[in-house]
Amino acid sequence: MEKLHFLMLLLPFFLLHFLSLLLLSSADNTLPTKYFINCGSKSNIIVGGRNFVGDLNSGSFSVGPSSTVSAINSSTDTSLYQTARVFTNPSSYEFDITDHGIYYVRLHFFPFTSGSTNLADAQFDVSSSSFSLLSNYGIKENSNLPVIEEFLLTINGSKFDIHFSPHRNSFAFVSAIEVFLIPDKDFVMDDFPLVTAAGSSETYVGVRSQFLRTIHRVNVGGPQNNDTLWRNWIPDDGYLLSQGSAKTCVPYKGELTYDVLGATLYSASDVVYRTCKELNSNSSNITWRFGVNKNTRHLVRLHFCDIVSAEDAFVRFDLSIYSKFSQMIYPDDANGIEQLAAPFYYDFVVDSDDSGVMNISVGPRQDSKNKNAYLNGLEILEFAKK
């Protein structure tokens, strides 16, 4: 009986995963096919629908002076991360770019020992287009999972370079690389409200000229999952300031209406918009706390989809960043018509204070017929420094 009850609890999430796979297959014809690089290898490996090409078979990309290493027994293991590209002097990968636009760049690191080389000993910097992507970087903990660093940026030139610079008496390495165009040309706009810890709000212009590093990506109220652009969403429970302030929404099993309030199939995973956390009846707000670098600029994207309201009582609530800035959240379209189960998001450029944390809250409004508040997902990306 206990096993049956456990399976019944999991059933909604299995259904959500199945629905997300259907959406993924419908978007396959527009998904990018390059670049996905299996570094230090001559083998092509398919992972999650991506064909990682061995960089010893390079065609429309090239790699500078370097060497390769292989994990012990790699000849019997066909998985990614069995090889790596190693740099003992400054060097780079160069990619031919035929389509301009907004790109995701991911650098994969999986340290292993090969002969006298232990990749966990590496210490290095990574840069591109005068931006510092990673500084004084190294992977000291050797686990069964790779470390993946993700960046969002605009490429308008015919070439794109990623530079690896080892520290003195050390080296750099990389296990796999992704550089691909996001199919949605309006995936991120250029100007957003600027929010500071003091609460001031003005317009920041120039987001598309920046390099942004993903530091948090959270599925609020739902399970870990991956989306159409191979982004990893993790549960939010570890970020909640008070576990008792929120309750998990009932997962939505109906049809979501995309492209009405701004979100598309590429904005977040389908699972993110089908799940959420909402206000507990005895709570005044829900607050999440995220670790961030002090006095640093960020792009914060908050994902919403009203799956908690009744047709005659839409939820209108406040979003707060730190404690002195708030924004009313309401799911109405350009004609002022409320929309249920229609995904949307808000973007803000946020300057962190000197506390090392960023607090984000949702709470009810007095002018809302339905005194509730909710959040479906959240992403925080840090502006790279020049």
# chains A, B, ... in the order shown; residues from 1 in each chain; ligands from 1

call {"tool": "residues_around", "arguments": {"residues": "Glu94 of chain A", "least_positions_apart": "3", "cutoff": "6 Å", "atoms": "only C-alpha atoms", "output": "PyMOL selection string"}}
result
chain A and resi 61-62+160-161

call {"tool": "residues_around", "arguments": {"residues": "Val86 of chain A", "least_positions_apart": "3", "cutoff": "10 Å", "atoms": "only C-alpha atoms", "output": "ChimeraX atom specification"}}
result
/A:39-40,65-69,83,89,91,117,119,122,164,166,171-175

call {"tool": "residues_around", "arguments": {"residues": "Arg274 of chain A", "least_positions_apart": "2", "cutoff": "12 Å", "atoms": "only C-alpha atoms", "output": "MDAnalysis selection string"}}
result
chainID A and resid 12:13 15:17 19:20 219:223 248:257 268:272 276:277 303:308 340:343 375:377

call {"tool": "closest_residue", "arguments": {"among": "A:Gly363, A:Pro331, A:Gly59, A:Gly336", "to": "Asn285 of chain A", "atoms": "only C-alpha atoms"}}
result
A:Gly363

call {"tool": "atom_distance", "arguments": {"atom1": "atom CA of Pro235 of chain A", "atom2": "atom CA of Asn51 of chain A"}}
result
27.9 Å

call {"tool": "residues_around", "arguments": {"residues": "Met189 of chain A", "least_positions_apart": "5", "cutoff": "9 Å", "atoms": "only C-alpha atoms", "output": "PyMOL selection string"}}
result
chain A and resi 206-208

call {"tool": "select_by_dssp", "arguments": {"residues": "segment 65-292 of chain A", "states": "strand (DSSP E or B)", "output": "JSON, numbers by chain"}}
result
{"A": [67, 68, 69, 70, 83, 84, 85, 86, 87, 91, 92, 93, 94, 95, 96, 101, 102, 103, 104, 105, 106, 107, 108, 109, 113, 114, 117, 118, 124, 125, 126, 127, 128, 131, 132, 133, 134, 135, 136, 137, 147, 148, 149, 150, 151, 152, 153, 154, 155, 159, 160, 161, 162, 163, 164, 165, 166, 172, 173, 174, 176, 177, 178, 179, 180, 181, 191, 192, 193, 194, 195, 201, 202, 203, 204, 205, 212, 213, 214, 215, 216, 217, 218, 219, 225, 226, 232, 233, 234, 235, 240, 246, 247, 248, 277, 278, 279, 286, 287, 288, 289, 290, 291]}

call {"tool": "atom_distance", "arguments": {"atom1": "atom CA of Gly262 of chain A", "atom2": "atom CA of Arg289 of chain A"}}
result
26.3 Å
